[in-house]
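Colleague: Below is one structure. I have some questions about it.
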Amino acid sequence: MPDESTPARQPRCVFVYGTLRSGGSNDITRLKPSPRYVGPSQVAGVLYHLGAYPGMLLGGERWVVGEVYAIEPALEAILDAIEGVAGQPGDEYIRREVVALVEGRPLACLVYEINPPYVAAAPVIASGDWLQAVDLGSQ
């Protein structure tokens, strides 16, 4: 019998801002186990154009546009593989915890931040919106 005094575990959420967004080349909604859409979101950061995909550095005065999904641990492992996260100093992406704003509410989320050396010469996406940058053909 479950202990009713123990609160239910909150699902892990992920903020996606690039190819993992709905409609992107790695659309998270096509992955299994299926994520649950939580809502549109934004995170303080700077978005960089790296050719076929973007990278985000957290913090600053700008905002990066994205989406938040509730995910299962098995999907988190798949996302780690897509982003090449192995926990090594030279990994292209670093898994971080961040507070995303979802419809004005703060929500703790996993996010994949670019390792700074990878964006040293990359152009900034001023709009903070990868899908808009791709639609505008700014490659």
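As shown in the structure tokens, the chain order sets the letters A, B, ...; within each chain, residues go from 1, and ligands are also counted from 1 in the order they appear.
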Using DSSP assignments from the backbone, pull out every residue in chain A that falls under helix (DSSP H, G or I) and give it to me as a PyMOL selection string.
Modeller: chain A and resi 28-30+73-83+116-119+130-135
Colleague: Give me the residues near region 73-80 of chain A as a list in words, where near means some atom within 10 Å (using only C-alpha atoms) and where sequence neighbours in that chain fewer than 6 positions away do not count.
Modeller: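 Neighbouring residues, sequence-local ones excluded: Pro11, Arg12, Cys13, Val14, Leu20, Asn26, Ile28, Leu31, Lys32, Pro33, Ser34, Pro35, Ala86, Gly87, Tyr93, Ile94, Arg95, Leu110 and Tyr112 of chain A.
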Colleague: Give the answer as one residue: which of A:Gly60, A:Pro117, A:Gly66, A:Gly104 has the shortest atom-to-atom distance to Asp91 (chain A), using only C-alpha atoms?
Modeller: A:Pro117
Colleague: Which residue, A:Glu67, A:Trp130, A:Leu58, A:Leu101, has the smallest gap to Asn115 (chain A) when you use only C-alpha atoms?
Modeller: A:Leu58
Colleague: If we count only C-alpha atoms and set the cut-off at 6 Å, which residues sit around Phe15 (chain A), ignoring sequence neighbours fewer than 5 positions away in its own chain? Please answer as a ChimeraX atom specification.
Modeller: /A:67-68,109,111
Colleague: If you keep N, CA and C atoms, can you produce a file of those selected residues as a CSV table (one decimal), in the first residue's frame?
Modeller:
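again.csv written:
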chain,number,residue,atom,x,y,z
A,67,GLU,N,9.9,25.2,-26.1
A,67,GLU,CA,8.7,24.4,-25.6
A,67,GLU,C,9.2,23.6,-24.4
A,68,VAL,N,8.2,23.3,-23.5
A,68,VAL,CA,8.5,22.4,-22.4
A,68,VAL,C,7.7,21.2,-22.5
A,109,CYS,N,13.4,22.9,-15.3
A,109,CYS,CA,13.5,22.0,-16.5
A,109,CYS,C,14.9,21.7,-16.7
A,111,VAL,N,17.8,21.3,-19.5
A,111,VAL,CA,18.1,22.0,-20.8
A,111,VAL,C,19.5,21.6,-21.3
Colleague: Considering only C-alpha atoms, give me a table of residues in region 101-131 of chain A that are at most 10 Å from region 38-44 of chain A, with the closest atom pair and distance in Å for each, as a Markdown table.
Modeller:
| residue | atom | partner | partner_atom | distance |
| --- | --- | --- | --- | --- |
| A:Leu101 | CA | A:Ser41 | CA | 5.4 |
| A:Val102 | CA | A:Ser41 | CA | 4.7 |
| A:Glu103 | CA | A:Ser41 | CA | 6.9 |
| A:Gly104 | CA | A:Ser41 | CA | 8.5 |
| A:Arg105 | CA | A:Ser41 | CA | 9.4 |
| A:Pro106 | CA | A:Ser41 | CA | 9.6 |
| A:Leu107 | CA | A:Ser41 | CA | 9.6 |
| A:Val111 | CA | A:Val43 | CA | 9.6 |
| A:Gly128 | CA | A:Gln42 | CA | 9.1 |
| A:Asp129 | CA | A:Gln42 | CA | 9.6 |
Colleague: Just to be explicit: take each residue in the selection above, keep N, CA, C and O atoms, and write the result as a PDB file, in the first residue's frame.
Modeller:
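Everything below was put into out_29.pdb:
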ATOM      1  N   LEU A 101      10.013  29.803 -18.037  1.00  0.00           N
ATOM      2  CA  LEU A 101       8.699  30.413 -17.835  1.00  0.00           C
ATOM      3  C   LEU A 101       7.725  29.759 -18.800  1.00  0.00           C
ATOM      4  O   LEU A 101       7.918  29.812 -20.011  1.00  0.00           O
ATOM      5  N   VAL A 102       6.695  29.126 -18.245  1.00  0.00           N
ATOM      6  CA  VAL A 102       5.657  28.485 -19.043  1.00  0.00           C
ATOM      7  C   VAL A 102       4.357  29.200 -18.728  1.00  0.00           C
ATOM      8  O   VAL A 102       3.843  29.098 -17.611  1.00  0.00           O
ATOM      9  N   GLU A 103       3.870  29.973 -19.709  1.00  0.00           N
ATOM     10  CA  GLU A 103       2.663  30.780 -19.517  1.00  0.00           C
ATOM     11  C   GLU A 103       2.774  31.616 -18.245  1.00  0.00           C
ATOM     12  O   GLU A 103       1.850  31.702 -17.443  1.00  0.00           O
ATOM     13  N   GLY A 104       3.969  32.197 -18.036  1.00  0.00           N
ATOM     14  CA  GLY A 104       4.216  33.074 -16.902  1.00  0.00           C
ATOM     15  C   GLY A 104       4.570  32.380 -15.599  1.00  0.00           C
ATOM     16  O   GLY A 104       4.920  33.041 -14.628  1.00  0.00           O
ATOM     17  N   ARG A 105       4.479  31.054 -15.571  1.00  0.00           N
ATOM     18  CA  ARG A 105       4.807  30.290 -14.358  1.00  0.00           C
ATOM     19  C   ARG A 105       6.221  29.746 -14.453  1.00  0.00           C
ATOM     20  O   ARG A 105       6.600  29.184 -15.479  1.00  0.00           O
ATOM     21  N   PRO A 106       7.012  29.872 -13.378  1.00  0.00           N
ATOM     22  CA  PRO A 106       8.348  29.270 -13.391  1.00  0.00           C
ATOM     23  C   PRO A 106       8.255  27.755 -13.213  1.00  0.00           C
ATOM     24  O   PRO A 106       7.448  27.268 -12.421  1.00  0.00           O
ATOM     25  N   LEU A 107       9.053  27.022 -13.982  1.00  0.00           N
ATOM     26  CA  LEU A 107       9.047  25.564 -13.917  1.00  0.00           C
ATOM     27  C   LEU A 107      10.482  25.067 -14.080  1.00  0.00           C
ATOM     28  O   LEU A 107      11.172  25.455 -15.030  1.00  0.00           O
ATOM     29  N   VAL A 111      17.769  21.335 -19.543  1.00  0.00           N
ATOM     30  CA  VAL A 111      18.059  21.999 -20.810  1.00  0.00           C
ATOM     31  C   VAL A 111      19.458  21.581 -21.252  1.00  0.00           C
ATOM     32  O   VAL A 111      20.302  21.245 -20.415  1.00  0.00           O
ATOM     33  N   GLY A 128      16.007  34.908 -31.005  1.00  0.00           N
ATOM     34  CA  GLY A 128      15.970  33.877 -29.975  1.00  0.00           C
ATOM     35  C   GLY A 128      15.094  32.697 -30.346  1.00  0.00           C
ATOM     36  O   GLY A 128      14.822  31.835 -29.518  1.00  0.00           O
ATOM     37  N   ASP A 129      14.653  32.636 -31.599  1.00  0.00           N
ATOM     38  CA  ASP A 129      13.714  31.595 -32.040  1.00  0.00           C
ATOM     39  C   ASP A 129      14.315  30.827 -33.216  1.00  0.00           C
ATOM     40  O   ASP A 129      14.374  31.325 -34.338  1.00  0.00           O
TER      41      ASP A 129
END
Colleague: Would you work out the distance separating CA of Glu72 (chain A) from CA of Val85 (chain A), expressed in Å to one decimal?
Modeller: 17.3 Å
Colleague: Using only C-alpha atoms, which of the listed residues (A:Gly90, A:Gly84, A:Gly23, A:Pro123) sits closest to Leu47 (chain A)?
Modeller: A:Pro123
Colleague: Could you pull out the residues in region 17-89 of chain A that DSSP calls strand (DSSP E) from the backbone, as an NGL selection string?
Modeller: :A and (36-49 or 54-71)
Colleague: Between CA of Val16 (chain A) and CA of Ala52 (chain A), measure the distance and give it in Å to one decimal.
Modeller: 15.4 Å
Colleague: Could you check how far CA of Arg21 (chain A) sits from CA of Leu131 (chain A), in Å to one decimal?
Modeller: 8.1 Å
Colleague: Measuring between only C-alpha atoms, which one of A:Arg62, A:Val46, A:Ala133, A:Arg96 shows the shortest distance to Val119 (chain A)?
Modeller: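 Smallest distance to Val119 (chain A) is found for A:Val46.
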Colleague: Here is a test: counting only C-alpha atoms, which residue of A:Gln132, A:Ala108, A:Leu50, A:Tyr17 is nearest to Val65 (chain A)?
Modeller: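 Closest to Val65 (chain A), using only C-alpha atoms: A:Tyr17.
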Colleague: So, with only C-alpha atoms as the atoms that count, which of A:Tyr53, A:Tyr37, A:Tyr118, A:Trp63 lies closest to Thr19 (chain A)?
Modeller: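 So, comparing all the options, the nearest one is A:Tyr53.
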